[in-house]
$ cat structure11.cif   # mmCIF, N, CA and C atoms
data_protein
#
loop_
_atom_site.label_atom_id
_atom_site.label_comp_id
_atom_site.auth_asym_id
_atom_site.auth_seq_id
_atom_site.Cartn_x
_atom_site.Cartn_y
_atom_site.Cartn_z
N MET A 95 101.63 116.25 95.01
CA MET A 95 102.33 115.30 94.18
C MET A 95 102.90 116.00 92.96
N LYS A 96 104.15 115.70 92.65
CA LYS A 96 104.76 116.21 91.43
C LYS A 96 104.17 115.45 90.25
N ASN A 97 103.97 116.12 89.14
CA ASN A 97 103.48 115.41 87.96
C ASN A 97 104.61 115.08 86.99
N LYS A 98 105.86 115.24 87.46
CA LYS A 98 107.04 114.87 86.71
C LYS A 98 108.02 114.20 87.66
N VAL A 99 109.00 113.50 87.09
CA VAL A 99 110.08 112.93 87.90
C VAL A 99 111.39 113.58 87.48
N ASP A 100 112.37 113.50 88.37
CA ASP A 100 113.69 114.02 88.05
C ASP A 100 114.26 113.23 86.88
N THR A 101 115.05 113.92 86.05
CA THR A 101 115.61 113.28 84.86
C THR A 101 117.12 113.49 84.82
N ILE A 102 117.75 112.72 83.95
CA ILE A 102 119.18 112.83 83.70
C ILE A 102 119.36 112.99 82.19
N SER A 103 120.07 114.02 81.78
CA SER A 103 120.36 114.22 80.35
C SER A 103 121.46 113.26 79.93
N ILE A 104 121.29 112.71 78.74
CA ILE A 104 122.32 111.82 78.19
C ILE A 104 122.72 112.36 76.81
N GLY A 105 123.98 112.26 76.50
CA GLY A 105 124.49 112.74 75.21
C GLY A 105 124.91 111.60 74.32
N PHE A 106 124.26 110.45 74.48
CA PHE A 106 124.60 109.27 73.69
C PHE A 106 123.34 108.44 73.52
N GLY A 107 123.37 107.51 72.60
CA GLY A 107 122.20 106.69 72.31
C GLY A 107 122.02 105.55 73.29
N VAL A 108 120.79 105.31 73.66
CA VAL A 108 120.41 104.15 74.47
C VAL A 108 119.19 103.54 73.77
N SER A 109 119.27 102.27 73.44
CA SER A 109 118.16 101.62 72.74
C SER A 109 116.92 101.49 73.59
N GLY A 110 117.11 101.17 74.87
CA GLY A 110 115.94 101.00 75.73
C GLY A 110 116.31 100.89 77.19
N THR A 111 115.34 101.15 78.00
CA THR A 111 115.47 101.04 79.45
C THR A 111 114.23 100.35 79.97
N LYS A 112 114.40 99.48 80.96
CA LYS A 112 113.26 98.82 81.60
C LYS A 112 113.49 98.88 83.11
N ILE A 113 112.52 99.44 83.83
CA ILE A 113 112.60 99.63 85.27
C ILE A 113 111.50 98.80 85.92
N PHE A 114 111.81 98.11 87.01
CA PHE A 114 110.85 97.31 87.76
C PHE A 114 110.70 97.92 89.14
N ILE A 115 109.48 98.32 89.49
CA ILE A 115 109.24 99.00 90.77
C ILE A 115 108.07 98.31 91.49
N PRO A 116 108.30 97.81 92.70
CA PRO A 116 107.20 97.20 93.45
C PRO A 116 106.20 98.28 93.91
N PHE A 117 104.94 97.88 94.08
CA PHE A 117 103.93 98.83 94.56
C PHE A 117 102.91 98.10 95.42
N GLN A 118 102.21 98.87 96.25
CA GLN A 118 101.04 98.42 97.01
C GLN A 118 100.00 99.51 96.90
N ALA A 119 98.75 99.12 96.74
CA ALA A 119 97.67 100.10 96.60
C ALA A 119 96.38 99.53 97.17
N VAL A 120 95.38 100.42 97.27
CA VAL A 120 94.04 100.02 97.67
C VAL A 120 93.10 100.39 96.54
N CYS A 121 92.28 99.44 96.12
CA CYS A 121 91.35 99.65 95.00
C CYS A 121 90.24 100.63 95.41
N SER A 122 90.01 101.62 94.57
CA SER A 122 88.96 102.60 94.84
C SER A 122 87.56 102.03 94.59
N VAL A 123 87.45 100.87 93.95
CA VAL A 123 86.16 100.24 93.69
C VAL A 123 85.81 99.25 94.80
N THR A 124 86.75 98.37 95.12
CA THR A 124 86.47 97.30 96.10
C THR A 124 86.96 97.63 97.51
N ASN A 125 87.81 98.64 97.61
CA ASN A 125 88.44 99.02 98.88
C ASN A 125 89.32 97.91 99.44
N LYS A 126 89.85 97.06 98.54
CA LYS A 126 90.72 95.96 98.95
C LYS A 126 92.12 96.19 98.40
N GLU A 127 93.10 95.65 99.14
CA GLU A 127 94.50 95.84 98.76
C GLU A 127 94.88 95.01 97.53
N PHE A 128 95.80 95.57 96.75
CA PHE A 128 96.43 94.82 95.67
C PHE A 128 97.88 95.29 95.57
N CYS A 129 98.74 94.42 95.06
CA CYS A 129 100.16 94.78 94.98
C CYS A 129 100.81 94.01 93.84
N GLY A 130 101.99 94.44 93.50
CA GLY A 130 102.72 93.79 92.42
C GLY A 130 103.90 94.63 92.00
N GLU A 131 104.04 94.78 90.68
CA GLU A 131 105.20 95.46 90.13
C GLU A 131 104.76 96.36 88.98
N VAL A 132 105.33 97.55 88.94
CA VAL A 132 105.16 98.45 87.81
C VAL A 132 106.41 98.29 86.95
N ILE A 133 106.20 98.07 85.66
CA ILE A 133 107.32 97.93 84.73
C ILE A 133 107.24 99.11 83.75
N ILE A 134 108.27 99.92 83.76
CA ILE A 134 108.34 101.07 82.86
C ILE A 134 109.41 100.77 81.82
N GLU A 135 108.99 100.69 80.58
CA GLU A 135 109.90 100.37 79.48
C GLU A 135 109.87 101.53 78.49
N TYR A 136 111.04 102.03 78.09
CA TYR A 136 111.04 103.15 77.14
C TYR A 136 112.32 103.21 76.34
N SER A 137 112.23 103.92 75.19
CA SER A 137 113.39 104.24 74.37
C SER A 137 113.59 105.75 74.49
N PRO A 138 114.65 106.17 75.18
CA PRO A 138 114.83 107.60 75.42
C PRO A 138 115.33 108.36 74.20
N LYS A 139 115.02 109.66 74.19
CA LYS A 139 115.60 110.55 73.18
C LYS A 139 116.90 111.10 73.74
N ASN A 140 116.80 112.06 74.65
CA ASN A 140 118.01 112.67 75.22
C ASN A 140 117.96 112.77 76.74
N LYS A 141 116.93 112.20 77.36
CA LYS A 141 116.81 112.18 78.82
C LYS A 141 116.33 110.81 79.28
N VAL A 142 116.75 110.45 80.49
CA VAL A 142 116.24 109.24 81.15
C VAL A 142 115.69 109.65 82.50
N VAL A 143 114.79 108.82 83.05
CA VAL A 143 114.26 109.13 84.38
C VAL A 143 115.28 108.73 85.43
N GLU A 144 115.31 109.46 86.51
CA GLU A 144 116.18 109.15 87.65
C GLU A 144 115.46 108.07 88.45
N TYR A 145 116.08 106.90 88.63
CA TYR A 145 115.41 105.73 89.19
C TYR A 145 114.84 105.94 90.59
N VAL A 146 115.63 106.52 91.48
CA VAL A 146 115.17 106.68 92.87
C VAL A 146 113.95 107.61 92.92
N ASP A 147 113.97 108.69 92.14
CA ASP A 147 112.83 109.60 92.14
C ASP A 147 111.61 108.94 91.50
N THR A 148 111.82 108.09 90.50
CA THR A 148 110.71 107.38 89.87
C THR A 148 110.08 106.40 90.87
N GLU A 149 110.90 105.71 91.66
CA GLU A 149 110.38 104.83 92.70
C GLU A 149 109.56 105.62 93.71
N ARG A 150 110.05 106.78 94.11
CA ARG A 150 109.33 107.63 95.05
C ARG A 150 107.97 108.04 94.47
N ALA A 151 107.97 108.43 93.20
CA ALA A 151 106.74 108.88 92.56
C ALA A 151 105.72 107.74 92.44
N VAL A 152 106.17 106.54 92.09
CA VAL A 152 105.26 105.39 92.00
C VAL A 152 104.66 105.09 93.38
N LYS A 153 105.49 105.15 94.40
CA LYS A 153 105.01 104.92 95.76
C LYS A 153 103.96 105.97 96.14
N GLU A 154 104.20 107.21 95.79
CA GLU A 154 103.26 108.29 96.10
C GLU A 154 101.95 108.12 95.33
N ILE A 155 102.03 107.81 94.05
CA ILE A 155 100.83 107.63 93.23
C ILE A 155 99.99 106.46 93.74
N SER A 156 100.66 105.37 94.11
CA SER A 156 99.93 104.17 94.54
C SER A 156 99.48 104.26 96.00
N SER A 157 99.85 105.31 96.71
CA SER A 157 99.42 105.45 98.11
C SER A 157 97.98 105.94 98.23
N LYS A 158 97.42 106.43 97.13
CA LYS A 158 96.03 106.89 97.13
C LYS A 158 95.14 105.78 96.56
N ASN A 159 93.89 105.69 97.02
CA ASN A 159 92.99 104.69 96.46
C ASN A 159 92.89 104.91 94.95
N THR A 160 92.98 103.81 94.20
CA THR A 160 93.04 103.90 92.75
C THR A 160 92.58 102.59 92.14
N THR A 161 92.57 102.53 90.83
CA THR A 161 92.35 101.28 90.10
C THR A 161 93.65 100.94 89.38
N VAL A 162 93.75 99.72 88.90
CA VAL A 162 94.95 99.32 88.15
C VAL A 162 95.09 100.19 86.90
N GLU A 163 93.98 100.42 86.23
CA GLU A 163 94.00 101.22 85.00
C GLU A 163 94.43 102.66 85.27
N LYS A 164 93.93 103.25 86.33
CA LYS A 164 94.28 104.64 86.69
C LYS A 164 95.75 104.72 87.11
N LEU A 165 96.22 103.71 87.81
CA LEU A 165 97.63 103.67 88.21
C LEU A 165 98.52 103.65 86.97
N ALA A 166 98.19 102.79 86.00
CA ALA A 166 98.96 102.73 84.74
C ALA A 166 98.92 104.07 84.02
N HIS A 167 97.74 104.67 83.94
CA HIS A 167 97.57 105.97 83.26
C HIS A 167 98.40 107.07 83.92
N ASP A 168 98.33 107.15 85.25
CA ASP A 168 99.04 108.22 85.96
C ASP A 168 100.55 108.09 85.81
N ILE A 169 101.06 106.87 85.89
CA ILE A 169 102.50 106.66 85.75
C ILE A 169 102.94 106.92 84.31
N PHE A 170 102.16 106.44 83.35
CA PHE A 170 102.46 106.68 81.93
C PHE A 170 102.54 108.18 81.66
N SER A 171 101.54 108.92 82.12
CA SER A 171 101.49 110.37 81.88
C SER A 171 102.69 111.08 82.51
N MET A 172 103.05 110.67 83.72
CA MET A 172 104.17 111.29 84.43
C MET A 172 105.49 111.07 83.68
N VAL A 173 105.74 109.84 83.24
CA VAL A 173 107.00 109.55 82.53
C VAL A 173 107.02 110.27 81.19
N LYS A 174 105.91 110.23 80.47
CA LYS A 174 105.85 110.89 79.15
C LYS A 174 106.12 112.39 79.29
N LYS A 175 105.50 113.01 80.28
CA LYS A 175 105.70 114.44 80.50
C LYS A 175 107.14 114.75 80.91
N SER A 176 107.76 113.86 81.65
CA SER A 176 109.11 114.09 82.15
C SER A 176 110.19 113.98 81.08
N ILE A 177 110.09 112.96 80.20
CA ILE A 177 111.19 112.72 79.25
C ILE A 177 110.76 112.65 77.79
N ASN A 178 109.46 112.59 77.49
CA ASN A 178 108.98 112.50 76.11
C ASN A 178 109.79 111.50 75.28
N PRO A 179 109.76 110.22 75.67
CA PRO A 179 110.59 109.22 74.99
C PRO A 179 110.06 108.87 73.60
N ARG A 180 110.89 108.21 72.79
CA ARG A 180 110.46 107.72 71.47
C ARG A 180 109.35 106.69 71.61
N PHE A 181 109.53 105.79 72.57
CA PHE A 181 108.56 104.72 72.85
C PHE A 181 108.42 104.63 74.35
N LEU A 182 107.18 104.39 74.81
CA LEU A 182 106.93 104.23 76.24
C LEU A 182 105.86 103.18 76.46
N LYS A 183 106.13 102.28 77.39
CA LYS A 183 105.16 101.26 77.79
C LYS A 183 105.21 101.15 79.31
N VAL A 184 104.05 101.25 79.93
CA VAL A 184 103.93 101.07 81.37
C VAL A 184 103.01 99.89 81.61
N ILE A 185 103.52 98.90 82.33
CA ILE A 185 102.75 97.71 82.68
C ILE A 185 102.56 97.72 84.19
N VAL A 186 101.31 97.54 84.63
CA VAL A 186 101.05 97.32 86.05
C VAL A 186 100.71 95.84 86.17
N ASP A 187 101.61 95.11 86.80
CA ASP A 187 101.50 93.66 86.95
C ASP A 187 101.04 93.37 88.38
N VAL A 188 99.73 93.13 88.54
CA VAL A 188 99.17 92.83 89.86
C VAL A 188 99.41 91.36 90.14
N LYS A 189 100.22 91.09 91.13
CA LYS A 189 100.56 89.71 91.47
C LYS A 189 99.67 89.16 92.58
N HIS A 190 99.18 90.04 93.46
CA HIS A 190 98.31 89.63 94.56
C HIS A 190 97.20 90.65 94.72
N SER A 191 95.98 90.16 94.86
CA SER A 191 94.83 91.02 95.07
C SER A 191 93.85 90.32 96.00
N ARG A 192 93.26 91.08 96.90
CA ARG A 192 92.23 90.52 97.78
C ARG A 192 90.87 90.50 97.09
N ALA A 193 90.78 91.07 95.89
CA ALA A 193 89.49 91.17 95.19
C ALA A 193 89.39 90.28 93.96
N HIS A 194 90.49 89.98 93.31
CA HIS A 194 90.43 89.22 92.05
C HIS A 194 91.74 88.51 91.77
N ARG A 195 91.75 87.74 90.71
CA ARG A 195 92.95 87.02 90.28
C ARG A 195 94.00 88.01 89.78
N PRO A 196 95.25 87.58 89.67
CA PRO A 196 96.28 88.45 89.12
C PRO A 196 95.89 88.98 87.73
N VAL A 197 96.34 90.17 87.43
CA VAL A 197 95.99 90.84 86.19
C VAL A 197 97.15 91.75 85.78
N GLN A 198 97.25 92.01 84.48
CA GLN A 198 98.20 93.00 83.96
C GLN A 198 97.44 94.01 83.14
N VAL A 199 97.79 95.27 83.31
CA VAL A 199 97.23 96.35 82.51
C VAL A 199 98.40 97.13 81.96
N TRP A 200 98.35 97.51 80.68
CA TRP A 200 99.44 98.30 80.12
C TRP A 200 98.94 99.36 79.17
N ILE A 201 99.77 100.36 79.04
CA ILE A 201 99.54 101.47 78.11
C ILE A 201 100.87 101.65 77.37
N GLU A 202 100.80 101.84 76.06
CA GLU A 202 102.02 102.07 75.30
C GLU A 202 101.78 103.01 74.14
N SER A 203 102.83 103.69 73.76
CA SER A 203 102.77 104.52 72.55
C SER A 203 104.18 104.75 72.03
#
$ encode --input "structure11.cif" --output "structure tokens"
Amino acid sequence: MKNKVDTISIGFGVSGTKIFIPFQAVCSVTNKEFCGEVIIEYSPKNKVVEYVDTERAVKEISSKNTTVEKLAHDIFSMVKKSINPRFLKVIVDVKHSRAHRPVQVWIES
């Protein structure tokens, strides 16, 4: 697995970007499926993530048994390392789970 995603350099200001990516995963604690949407919100400095590669990376990260918190952490770390944005927030919005009610977990800085 790559620990970065492909990026695009920009030579102009962008106030913010918000990406919505569906995911499916298996919980490493309960061994039950959960799915929903990853929302990546950021204010770029001079680079943005390439959307298709980011979708690929989220799919790859969520293909391994994980927890919602670990999924949020891994995606947050990958985006931060790739573009080092001014602001970054990653939300994992679990809409369906065989183990528990819907939940959201987020990390921001």
$ select_by_dssp --input "structure11.cif" --residues "chain A" --states "strand (DSSP E or B)" --output "PyMOL selection string"
chain A and resi 101-103+111-121+127-137+141-143+160+181-191+197-202
$ resolve_selection --input "structure11.cif" --expression "the PyMOL selection byres (((chain A and resi 132 and name CA) around 10) and name CA)" --output "list in words"
Ile113, Phe114, Ile115, Pro116, Phe117, Cys129, Gly130, Glu131, Ile133, Ile134, Glu135, Glu149, Val152, Leu165, Ala166, Ile169, Val184, Ile185, Val186, Asp187, Val188, Gln198, Val199 and Trp200 of chain A
$ residues_around --input "structure11.cif" --residues "Thr101 (chain A)" --least-positions-apart "3" --cutoff "5 Å" --atoms "all atoms listed in the file" --output "PyMOL selection string"
chain A and resi 142-144
$ axis_aligned_box --input "structure11.cif" --around "region 96-113 of chain A" --padding-each-side "8 Å" --output "AutoDock Vina command-line options"
--center_x 114.2 --center_y 107.5 --center_z 82.5 --size_x 37.4 --size_y 33.4 --size_z 36.3
$ closest_residue --input "structure11.cif" --among "A:Val99, A:Glu163, A:Lys175, A:Ser203" --to "Ala151 (chain A)" --atoms "all atoms listed in the file"
A:Val99
$ atom_distance --input "structure11.cif" --atom1 "CA of Asn159 (chain A)" --atom2 "CA of Lys96 (chain A)"
17.2 Å
$ residues_around --input "structure11.cif" --residues "Phe128 (chain A)" --least-positions-apart "5" --cutoff "5 Å" --atoms "all atoms listed in the file" --output "PyMOL selection string"
chain A and resi 118-120+190-191
$ write_last_selection --input "structure11.cif" --atoms "N, CA and C atoms" --output "mmCIF file, in the frame of the given file"
data_model
loop_
_atom_site.group_PDB
_atom_site.id
_atom_site.type_symbol
_atom_site.label_atom_id
_atom_site.label_comp_id
_atom_site.auth_asym_id
_atom_site.auth_seq_id
_atom_site.Cartn_x
_atom_site.Cartn_y
_atom_site.Cartn_z
ATOM 1 N N GLN A 118 102.210 98.870 96.250
ATOM 2 C CA GLN A 118 101.040 98.420 97.010
ATOM 3 C C GLN A 118 100.000 99.510 96.900
ATOM 4 N N ALA A 119 98.750 99.120 96.740
ATOM 5 C CA ALA A 119 97.670 100.100 96.600
ATOM 6 C C ALA A 119 96.380 99.530 97.170
ATOM 7 N N VAL A 120 95.380 100.420 97.270
ATOM 8 C CA VAL A 120 94.040 100.020 97.670
ATOM 9 C C VAL A 120 93.100 100.390 96.540
ATOM 10 N N HIS A 190 99.180 90.040 93.460
ATOM 11 C CA HIS A 190 98.310 89.630 94.560
ATOM 12 C C HIS A 190 97.200 90.650 94.720
ATOM 13 N N SER A 191 95.980 90.160 94.860
ATOM 14 C CA SER A 191 94.830 91.020 95.070
ATOM 15 C C SER A 191 93.850 90.320 96.000
#
$ closest_residue --input "structure11.cif" --among "A:Tyr145, A:Ile177, A:His194, A:Glu154" --to "Ser103 (chain A)" --atoms "only C-alpha atoms"
A:Ile177
$ residues_around --input "structure11.cif" --residues "Gly110 (chain A)" --least-positions-apart "2" --cutoff "5 Å" --atoms "all atoms listed in the file" --output "compact mmCIF listing (two decimals) with N, CA and C atoms, keeping the file's coordinate frame"
# COMPACT_ATOMS: atom_id res chain seq x y z
N VAL A 108 120.79 105.31 73.66
CA VAL A 108 120.41 104.15 74.47
C VAL A 108 119.19 103.54 73.77
N LYS A 112 114.40 99.48 80.96
CA LYS A 112 113.26 98.82 81.60
C LYS A 112 113.49 98.88 83.11
N TYR A 136 111.04 102.03 78.09
CA TYR A 136 111.04 103.15 77.14
C TYR A 136 112.32 103.21 76.34
N SER A 137 112.23 103.92 75.19
CA SER A 137 113.39 104.24 74.37
C SER A 137 113.59 105.75 74.49
$ select_by_dssp --input "structure11.cif" --residues "chain A" --states "alpha helix (DSSP H)" --output "list of chain:residue names"
A:Tyr145, A:Val146, A:Asp147, A:Thr148, A:Glu149, A:Arg150, A:Ala151, A:Val152, A:Lys153, A:Glu154, A:Ile155, A:Ser156, A:Val162, A:Glu163, A:Lys164, A:Leu165, A:Ala166, A:His167, A:Asp168, A:Ile169, A:Phe170, A:Ser171, A:Met172, A:Val173, A:Lys174, A:Lys175, A:Ser176, A:Ile177
$ atom_distance --input "structure11.cif" --atom1 "CA of Leu182 (chain A)" --atom2 "CA of Ser156 (chain A)"
19.6 Å
$ atom_distance --input "structure11.cif" --atom1 "CA of Lys141 (chain A)" --atom2 "CA of Asn178 (chain A)"
8.3 Å
$ closest_residue --input "structure11.cif" --among "A:Ala193, A:Val146, A:Ile201, A:Cys121" --to "Phe170 (chain A)" --atoms "only N, CA and C atoms"
A:Ile201
$ closest_residue --input "structure11.cif" --among "A:Ser109, A:Arg192, A:Lys153, A:Val162" --to "Lys126 (chain A)" --atoms "only C-alpha atoms"
A:Arg192
$ closest_residue --input "structure11.cif" --among "A:Lys98, A:Arg195, A:Lys139, A:Ser122" --to "Lys164 (chain A)" --atoms "only C-alpha atoms"
A:Ser122
